[in-house]
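File shown: model_17.txt. Contents: compact mmCIF, C-alpha atoms.
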# COMPACT_ATOMS: atom_id res chain seq x y z
CA MET A 12 17.82 26.39 38.35
CA PRO A 13 20.70 28.54 36.96
CA GLN A 14 19.98 30.15 33.64
CA ASN A 15 22.93 28.60 31.83
CA GLU A 16 21.91 25.14 33.06
CA GLN A 17 18.35 25.73 31.91
CA LYS A 18 19.58 26.68 28.45
CA LYS A 19 21.71 23.56 28.41
CA ASN A 20 18.73 21.33 29.22
CA SER A 21 16.46 23.07 26.73
CA SER A 22 18.98 22.53 23.95
CA THR A 23 19.51 18.87 24.79
CA PRO A 24 16.61 17.59 22.62
CA TRP A 25 18.03 19.51 19.68
CA LYS A 26 21.40 17.84 20.26
CA TRP A 27 19.68 14.47 20.52
CA LEU A 28 17.78 14.97 17.28
CA GLY A 29 20.88 16.38 15.61
CA GLY A 30 22.89 13.41 16.79
CA GLY A 31 20.28 11.05 15.35
CA ALA A 32 20.37 12.88 12.03
CA ALA A 33 24.18 12.84 12.06
CA MET A 34 24.16 9.11 12.73
CA LEU A 35 21.91 8.59 9.70
CA LEU A 36 24.28 10.65 7.59
CA PHE A 37 27.34 8.67 8.75
CA LYS A 38 25.48 5.46 7.96
CA GLY A 39 24.78 6.82 4.49
CA LYS A 40 27.64 4.91 2.87
CA ALA A 41 26.33 1.62 4.21
CA ILE A 42 22.85 2.43 2.94
CA LEU A 43 24.11 3.47 -0.49
CA SER A 44 26.00 0.19 -0.74
CA LEU A 45 22.66 -1.61 -0.57
CA LEU A 46 20.54 0.79 -2.62
CA LYS A 47 21.25 2.81 -5.71
CA ILE A 48 21.06 6.57 -5.41
CA GLY A 49 18.25 6.64 -7.93
CA LYS A 50 16.09 4.48 -5.71
CA ILE A 51 16.49 6.60 -2.58
CA ALA A 52 16.61 10.07 -4.15
CA GLY A 53 12.82 10.29 -4.34
CA PRO A 54 12.20 9.15 -0.75
CA LEU A 55 14.90 11.51 0.58
CA ILE A 56 13.46 14.46 -1.32
CA SER A 57 9.93 13.63 -0.14
CA MET A 58 11.28 13.32 3.41
CA MET A 59 12.87 16.78 3.26
CA ILE A 60 9.71 18.28 1.77
CA SER A 61 7.63 16.72 4.56
CA ILE A 62 9.94 18.14 7.22
CA TRP A 63 9.66 21.57 5.63
CA ALA A 64 5.85 21.30 5.40
CA TYR A 65 5.43 20.25 9.05
CA ALA A 66 7.85 22.98 10.11
CA LEU A 67 5.42 25.55 8.72
CA ILE A 68 3.04 24.60 11.53
CA TYR A 69 5.21 23.05 14.25
CA PRO A 70 8.71 23.79 15.60
CA TRP A 71 11.58 22.43 13.53
CA GLY A 72 12.60 19.96 16.20
CA PHE A 73 9.13 18.45 16.29
CA ALA A 74 8.91 18.33 12.47
CA VAL A 75 12.22 16.46 12.18
CA GLY A 76 11.36 14.05 14.98
CA PHE A 77 7.88 13.38 13.62
CA VAL A 78 9.15 12.51 10.13
CA LEU A 79 11.84 10.27 11.64
CA LEU A 80 9.15 8.40 13.57
CA LEU A 81 7.22 7.92 10.32
CA LEU A 82 10.42 6.64 8.73
CA VAL A 83 10.93 4.09 11.51
CA HIS A 84 7.34 2.88 11.12
CA GLU A 85 7.68 2.41 7.35
CA LEU A 86 11.06 0.71 7.72
CA GLY A 87 9.26 -1.85 9.87
CA HIS A 88 7.14 -2.78 6.85
CA VAL A 89 10.22 -2.86 4.61
CA ILE A 90 12.11 -5.18 6.97
CA ALA A 91 9.12 -7.50 7.38
CA ALA A 92 8.64 -7.71 3.60
CA LYS A 93 12.33 -8.37 2.99
CA ARG A 94 12.32 -11.16 5.60
CA ILE A 95 9.76 -13.11 3.60
CA GLY A 96 11.18 -12.22 0.20
CA LEU A 97 8.59 -9.73 -1.06
CA PRO A 98 10.09 -6.77 -2.95
CA VAL A 99 8.87 -3.35 -1.80
CA SER A 100 9.67 0.25 -2.62
CA ALA A 101 11.52 2.63 -0.35
CA PRO A 102 9.27 4.76 1.92
CA LEU A 103 7.66 7.75 0.24
CA PHE A 104 6.55 10.70 2.39
CA ILE A 105 3.46 12.76 1.67
CA PRO A 106 3.08 15.95 3.74
CA PHE A 107 0.12 15.84 6.16
CA LEU A 108 -0.82 12.35 4.92
CA GLY A 109 2.10 10.37 6.37
CA ALA A 110 4.25 7.90 4.48
CA LEU A 111 3.80 4.68 2.54
CA ILE A 112 5.57 1.88 0.73
CA THR A 113 4.33 0.00 -2.31
CA MET A 114 4.62 -3.75 -2.78
CA LYS A 115 5.94 -4.83 -6.17
CA LYS A 116 4.40 -8.26 -5.62
CA GLN A 117 1.18 -8.85 -3.72
CA PRO A 118 1.01 -11.40 -0.85
CA LEU A 119 -0.43 -14.79 -1.70
CA ASP A 120 -2.35 -15.19 1.57
CA ALA A 121 -3.75 -13.22 4.49
CA GLN A 122 -1.09 -14.44 6.90
CA THR A 123 1.68 -12.94 4.77
CA GLU A 124 -0.25 -9.68 4.44
CA ALA A 125 -0.69 -9.49 8.22
CA TYR A 126 3.00 -10.24 8.82
CA ILE A 127 4.05 -7.27 6.68
CA ALA A 128 1.40 -5.06 8.28
CA PHE A 129 2.65 -5.93 11.78
CA GLY A 130 6.18 -4.76 10.94
CA GLY A 131 5.25 -1.06 10.91
CA PRO A 132 3.47 -0.77 14.29
CA ILE A 133 6.00 -3.03 16.03
CA LEU A 134 9.09 -1.10 14.92
CA GLY A 135 7.18 2.17 15.23
CA THR A 136 6.30 1.30 18.83
CA ILE A 137 9.94 0.46 19.57
CA GLY A 138 10.97 3.83 18.12
CA ALA A 139 8.37 5.76 20.12
CA THR A 140 9.40 3.87 23.28
CA ALA A 141 13.03 4.85 22.68
CA VAL A 142 11.98 8.49 22.34
CA PHE A 143 9.99 8.19 25.59
CA GLY A 144 13.07 6.79 27.35
CA ALA A 145 15.18 9.67 26.06
CA ALA A 146 12.47 12.14 27.10
CA TYR A 147 12.38 10.72 30.63
CA TYR A 148 16.18 10.79 30.90
CA MET A 149 16.46 14.36 29.61
CA ASP A 150 13.14 15.62 31.03
CA SER A 151 12.39 17.06 27.59
CA PRO A 152 8.90 18.37 26.77
CA LEU A 153 9.72 18.13 23.05
CA LEU A 154 10.62 14.45 23.23
CA TYR A 155 7.60 13.71 25.43
CA SER A 156 5.39 15.25 22.74
CA LEU A 157 7.11 13.21 20.03
CA ALA A 158 6.74 10.01 22.05
CA TYR A 159 3.05 10.70 22.59
CA ILE A 160 2.37 11.37 18.92
CA GLY A 161 4.39 8.27 18.01
CA PHE A 162 2.29 6.04 20.26
CA LEU A 163 -0.91 7.70 19.05
CA LEU A 164 -0.16 7.26 15.34
CA ASN A 165 0.79 3.61 15.76
CA LEU A 166 -2.37 3.00 17.79
CA ILE A 167 -4.58 4.67 15.18
CA ASN A 168 -2.86 2.56 12.53
CA LEU A 169 -4.14 -0.53 14.36
CA LEU A 170 -7.77 0.39 13.71
CA PRO A 171 -9.22 -2.57 11.75
CA ILE A 172 -9.85 -0.44 8.68
CA HIS A 173 -8.30 -0.97 5.27
CA PRO A 174 -5.78 0.24 4.20
CA LEU A 175 -4.53 0.90 7.74
CA ASP A 176 -2.26 -1.75 9.24
CA GLY A 177 -5.01 -2.95 11.57
CA GLY A 178 -7.27 -3.66 8.61
CA ARG A 179 -4.58 -5.84 7.04
CA ILE A 180 -3.81 -7.61 10.30
CA ALA A 181 -7.52 -8.38 10.70
CA THR A 182 -7.36 -10.53 7.55
CA ALA A 183 -5.30 -13.09 9.50
CA VAL A 184 -7.31 -12.83 12.74
CA THR A 185 -10.94 -12.56 11.69
CA ARG A 186 -12.67 -10.41 9.11
CA TRP A 187 -15.34 -9.70 11.71
CA LEU A 188 -12.86 -7.12 13.02
CA TRP A 189 -13.67 -5.13 9.89
CA LEU A 190 -17.20 -4.74 11.23
CA VAL A 191 -15.72 -3.47 14.49
CA GLY A 192 -13.66 -0.99 12.50
CA LEU A 193 -16.69 0.03 10.47
CA VAL A 194 -18.70 0.93 13.58
CA GLY A 195 -16.16 1.68 16.29
CA GLY A 196 -13.67 3.28 13.93
CA LEU A 197 -16.25 5.81 12.80
CA ALA A 198 -16.97 6.78 16.42
CA ILE A 199 -13.25 7.30 17.12
CA ILE A 200 -12.71 9.27 13.93
CA ILE A 201 -15.68 11.54 14.69
CA TYR A 202 -14.26 12.07 18.18
CA MET A 203 -10.88 12.96 16.66
CA ARG A 204 -12.55 15.25 14.10
CA SER A 205 -10.10 14.09 11.45
CA ILE A 206 -11.20 14.63 7.87
CA LEU A 207 -8.36 12.50 6.54
CA PHE A 208 -9.27 9.42 8.60
CA PHE A 209 -12.93 9.94 7.78
CA ILE A 210 -12.08 9.76 4.07
CA ILE A 211 -10.12 6.56 4.72
CA TRP A 212 -13.11 5.15 6.63
CA ALA A 213 -15.52 6.13 3.83
CA LEU A 214 -13.37 4.39 1.20
CA PHE A 215 -13.17 1.34 3.45
CA ALA A 216 -16.95 1.26 3.87
CA TYR A 217 -17.45 1.58 0.11
CA ASP A 218 -15.00 -1.25 -0.52
CA LEU A 219 -16.84 -3.50 1.93
CA TYR A 220 -20.12 -2.67 0.21
CA ASN A 221 -18.70 -3.60 -3.19
CA LYS A 222 -17.09 -6.77 -1.87
CA TYR A 223 -19.85 -8.24 0.28
CA VAL A 224 -23.10 -6.62 -0.88
CA LYS A 225 -22.95 -5.39 -4.46
CA ARG A 226 -20.77 -8.18 -5.83
CA ARG A 227 -22.99 -10.89 -4.39
CA THR A 228 -26.08 -9.41 -5.99
CA ASN A 229 -24.45 -8.35 -9.22
CA ASN A 230 -21.68 -10.44 -10.78
CA ARG A 231 -20.23 -7.47 -12.60
CA LEU A 232 -18.33 -7.87 -15.84
CA TYR A 233 -15.50 -5.51 -16.69
CA SER A 234 -13.98 -4.74 -20.06
CA VAL A 235 -10.54 -3.72 -21.24
CA THR A 236 -9.41 -3.00 -24.80
CA LYS A 237 -6.11 -4.39 -26.04
CA SER A 238 -4.47 -3.69 -29.39
CA PHE A 239 -2.55 -6.09 -31.63
CA LEU A 240 -0.55 -5.36 -34.78
CA ILE A 241 -0.78 -7.88 -37.61
CA PRO A 242 1.75 -7.52 -40.49
CA VAL A 243 -0.15 -7.26 -43.79
CA GLU A 244 2.54 -8.00 -46.39
CA PRO A 245 3.15 -11.63 -45.30
CA LEU A 246 -0.61 -12.20 -45.44
CA ARG A 247 -0.86 -10.86 -48.99
CA ASP A 248 2.14 -12.90 -50.11
CA ALA A 249 0.49 -16.03 -48.68
CA GLY A 250 -2.80 -15.26 -50.41
CA TYR A 251 -4.84 -14.43 -47.27
CA MET A 252 -7.92 -12.25 -47.65
CA ILE A 253 -7.57 -9.06 -45.56
CA PRO A 254 -10.81 -8.30 -43.65
CA GLY A 255 -12.35 -4.83 -43.78
CA PRO A 256 -12.75 -2.30 -40.94
CA GLU A 257 -16.31 -3.44 -40.18
CA HIS A 258 -15.28 -7.02 -39.50
CA ARG A 259 -16.32 -8.32 -36.07
CA ARG A 260 -15.84 -11.74 -34.53
CA ASP A 261 -15.06 -13.55 -31.28
CA LEU A 262 -11.55 -14.96 -31.04
CA PRO A 263 -10.38 -18.09 -29.22
CA PHE A 264 -8.02 -17.29 -26.37
CA THR A 265 -5.79 -18.77 -23.68
CA THR A 266 -4.66 -17.18 -20.42
CA TYR A 267 -1.86 -17.81 -17.95
CA SER A 268 0.21 -16.07 -15.26
CA ASP A 269 3.96 -15.87 -14.76
CA LEU A 270 5.90 -16.28 -11.50
CA GLU A 271 5.38 -12.58 -10.77
CA ARG A 272 1.60 -13.19 -10.90
CA GLN A 273 1.20 -11.06 -14.01
CA GLN A 274 -1.68 -12.49 -16.03
CA TYR A 275 -1.57 -12.64 -19.83
CA VAL A 276 -4.12 -13.38 -22.52
CA GLY A 277 -3.18 -15.03 -25.80
CA VAL A 278 -5.52 -14.55 -28.78
CA ARG A 279 -5.58 -16.61 -31.96
CA TRP A 280 -7.02 -15.74 -35.36
CA ASP A 281 -6.73 -18.94 -37.35
CA GLN A 282 -7.96 -17.43 -40.64
CA LEU A 283 -4.96 -15.06 -40.63
CA ASN A 284 -2.56 -17.49 -38.95
CA TYR A 285 -1.99 -14.91 -36.20
CA ILE A 286 -1.20 -15.37 -32.50
CA GLY A 287 -0.86 -12.38 -30.17
CA ARG A 288 -0.36 -11.75 -26.47
CA ALA A 289 -1.28 -8.92 -24.06
CA THR A 290 -1.14 -8.23 -20.32
CA LEU A 291 -4.23 -7.96 -18.13
CA PRO A 292 -4.75 -5.29 -15.44
CA GLN A 293 -5.47 -7.79 -12.64
CA GLN A 294 -6.10 -11.43 -11.88
CA CYS A 295 -9.39 -12.22 -13.59
CA ILE A 296 -11.61 -14.75 -15.29
CA ILE A 297 -11.97 -13.97 -19.00
CA GLU A 298 -15.43 -14.36 -20.46
CA LYS A 299 -14.92 -13.32 -24.08
CA VAL A 300 -12.45 -11.73 -26.51
CA ARG A 301 -14.10 -9.90 -29.41
CA ILE A 302 -12.68 -7.80 -32.24
CA SER A 303 -14.10 -4.29 -31.90
CA GLN A 304 -12.12 -2.43 -34.57
CA LEU A 305 -9.77 -3.04 -37.49
CA GLU A 306 -7.76 -0.30 -39.15
CA PRO A 307 -4.69 -0.16 -41.41
CA VAL A 308 -1.60 1.41 -39.89
CA THR A 309 1.61 2.21 -41.76
CA LEU A 310 4.77 1.80 -39.74
CA GLU A 311 8.48 1.91 -40.60
CA ASN A 312 8.51 -1.82 -41.26
CA GLY A 313 5.48 -1.75 -43.52
CA LEU A 314 1.69 -1.88 -43.47
CA HIS A 315 -0.01 -3.43 -40.44
CA LEU A 316 -3.56 -4.22 -39.47
CA LYS A 317 -4.30 -2.77 -36.03
CA MET A 318 -6.74 -5.06 -34.27
CA ASN A 319 -8.53 -3.72 -31.17
CA CYS A 320 -10.09 -6.41 -29.02
CA ASP A 321 -12.58 -5.91 -26.19
CA ILE A 322 -11.81 -8.39 -23.40
CA SER A 323 -14.73 -9.04 -21.04
CA TYR A 324 -13.80 -10.43 -17.64
CA SER A 325 -14.85 -10.79 -14.02
CA VAL A 326 -12.51 -10.21 -11.09
CA TYR A 327 -10.96 -13.38 -9.70
CA GLU A 328 -11.55 -13.87 -5.99
CA ASN A 329 -9.15 -16.25 -4.29
CA ASP A 330 -11.35 -17.93 -1.67
CA LYS A 331 -8.31 -19.59 -0.09
CA TYR A 332 -6.61 -16.25 0.53
CA TYR A 333 -8.19 -15.98 3.99
CA ASP A 334 -7.48 -19.59 4.99
CA VAL A 335 -5.23 -19.14 8.02
CA PRO A 336 -4.41 -21.91 10.54
CA VAL A 337 -6.27 -21.53 13.83
CA SER A 338 -3.01 -21.39 15.79
CA SER A 339 -1.79 -18.50 13.63
CA ARG A 340 -5.09 -16.67 14.08
CA TRP A 341 -4.66 -16.89 17.84
CA LYS A 342 -1.05 -15.73 17.69
CA TYR A 343 -1.84 -12.76 15.49
CA GLY A 344 -4.92 -11.92 17.52
CA ILE A 345 -3.10 -11.97 20.85
CA ALA A 346 -0.21 -9.94 19.41
CA TYR A 347 -2.68 -7.43 17.95
CA PHE A 348 -4.52 -6.76 21.20
CA VAL A 349 -1.34 -6.81 23.32
CA LEU A 350 0.28 -4.24 21.05
CA ALA A 351 -2.83 -2.04 21.07
CA GLY A 352 -3.02 -2.28 24.88
CA PHE A 353 0.67 -1.42 25.24
CA LEU A 354 0.31 1.63 23.01
CA ALA A 355 -2.71 2.87 24.95
CA GLY A 356 -0.85 2.29 28.23
CA MET A 357 2.21 4.18 27.00
CA MET A 358 0.06 7.11 25.94
CA TYR A 359 -1.32 7.24 29.47
CA MET A 360 2.23 6.96 30.83
CA VAL A 361 3.40 9.91 28.74
CA HIS A 362 0.38 11.88 29.91
CA VAL A 363 1.18 11.18 33.56
CA VAL A 364 4.97 11.50 33.46
CA GLY A 365 5.38 14.13 30.80
CA ASN A 366 2.06 15.94 31.30
CA VAL A 367 1.29 15.65 27.59
CA ASN A 368 -2.21 15.38 26.18
CA LEU A 369 -2.45 16.35 22.53
As structure tokens - that is how I would like this structure written.
Amino acid sequence: MPQNEQKKNSSTPWKWLGGGAAMLLFKGKAILSLLKIGKIAGPLISMMISIWAYALIYPWGFAVGFVLLLLVHELGHVIAAKRIGLPVSAPLFIPFLGALITMKKQPLDAQTEAYIAFGGPILGTIGATAVFGAAYYMDSPLLYSLAYIGFLLNLINLLPIHPLDGGRIATAVTRWLWLVGLVGGLAIIIYMRSILFFIIWALFAYDLYNKYVKRRTNNRLYSVTKSFLIPVEPLRDAGYMIPGPEHRRDLPFTTYSDLERQQYVGVRWDQLNYIGRATLPQQCIIEKVRISQLEPVTLENGLHLKMNCDISYSVYENDKYYDVPVSSRWKYGIAYFVLAGFLAGMMYMVHVVGNVNL
């Protein structure tokens, strides 16, 4: 092959990646019309930092392509969440850990959780397949390597281990897949010699222990302290007796949740004609609200009585969360195994055609 032609072919992947980056830049106006700059500044900065971090170890072309594949995967989750009306954050990139999105509202059932989880591997697989097609057309070792790593990462993400996508999909198929992930996942992770995935597995195993072993034998109560400010002057004017700092008592309470599933607790102190409200850290069942401390506090608008209350509660477990129709379980299960099989087959294809085996 002539030298100038060889240089032309070797630079083609760079042109392809550059063209993809240029296309994203030209589409910037359309993106900014949907999102405010403040919302995407953080993700863009984290994306650039990740590219720089990966470029310290790998060639620049690989670093850019790898981060773009992560972006495509996370956009799959974003699109899936938007389709069912769940608000999510823009993707945030963490060097050497990958990328993630956060849900501003949690799913109400396992089927919804699995639907969002499926979005990432499906779009990620489409992206990796497109890279493989470009690699085959251009005969590019760089793009073959990117395609291989894209298929590999999406396949690993399908391991039935929380918080990986496979662990979330398993909630709509059968939670017995978690046991498969607990045993088989550990074997795969040991084979890969990945400290990161071992940490994820260890956290998953600990969560299962707390959920299905410890919680059944020990109905643990949690406690959170909330503060309330009671104006003193109106109480004095009305002739109420102000209790001292050593005063302790249980208070009657009510609790409710808004449409955003934020739970509140309302406390009532009839002797002082006071009603207060506070937010709770999670969905829970309140056992008791007790005054733990009283202290005078002087603010700009006068003297107040600061009332600290210890709220004892147990975590609420929605038993209907995992109720998924049998037909949906079959659909999600078939899609799960078909996608995993396709990814494994494409990894073998890249190995055969592109002679890549990372």
Non-local contacts of Gly352 in chain A (12 Å; all atoms listed in the file; under 5 positions in same chain excluded) as a ChimeraX atom specification: /A:136,162-163,165-166,169,345-347,357-359
Around (-8.9, 1.2, 8.1) in the file's own coordinates, what residues are found within 7 Å if you use all atoms listed in the file, given back as a PDB file with C-alpha atoms, in the frame of the given file?
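Heads up, here's the output in point-v5.pdb:
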ATOM      1  CA  LEU A 170      -7.770   0.390  13.710  1.00  0.00           C
ATOM      2  CA  PRO A 171      -9.220  -2.570  11.750  1.00  0.00           C
ATOM      3  CA  ILE A 172      -9.850  -0.440   8.680  1.00  0.00           C
ATOM      4  CA  HIS A 173      -8.300  -0.970   5.270  1.00  0.00           C
ATOM      5  CA  PRO A 174      -5.780   0.240   4.200  1.00  0.00           C
ATOM      6  CA  LEU A 175      -4.530   0.900   7.740  1.00  0.00           C
ATOM      7  CA  GLY A 177      -5.010  -2.950  11.570  1.00  0.00           C
ATOM      8  CA  GLY A 178      -7.270  -3.660   8.610  1.00  0.00           C
ATOM      9  CA  GLY A 192     -13.660  -0.990  12.500  1.00  0.00           C
ATOM     10  CA  ILE A 211     -10.120   6.560   4.720  1.00  0.00           C
ATOM     11  CA  TRP A 212     -13.110   5.150   6.630  1.00  0.00           C
ATOM     12  CA  PHE A 215     -13.170   1.340   3.450  1.00  0.00           C
TER      13      PHE A 215
END
Computed interatomic separation between CA of Pro118 in chain A and CA of Tyr327 in chain A (Å):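 Value for the CA of Pro118 in chain A-CA of Tyr327 in chain A distance: 15.0 Å.
Nearest residue to Val78 in chain A, choosing from A:Gly344, A:Pro102, A:Pro242, A:Pro152 and counting all atoms listed in the file: A:Pro102.
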Selection near range 251-265 of chain A, 7 Å with all atoms listed in the file, sequence-local residues under 4 positions removed, as a PyMOL selection string: chain A and resi 246-247+276-280+283+300-306
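CA of Leu119 in chain A lies 11.4 Å from CA of Asp330 in chain A.
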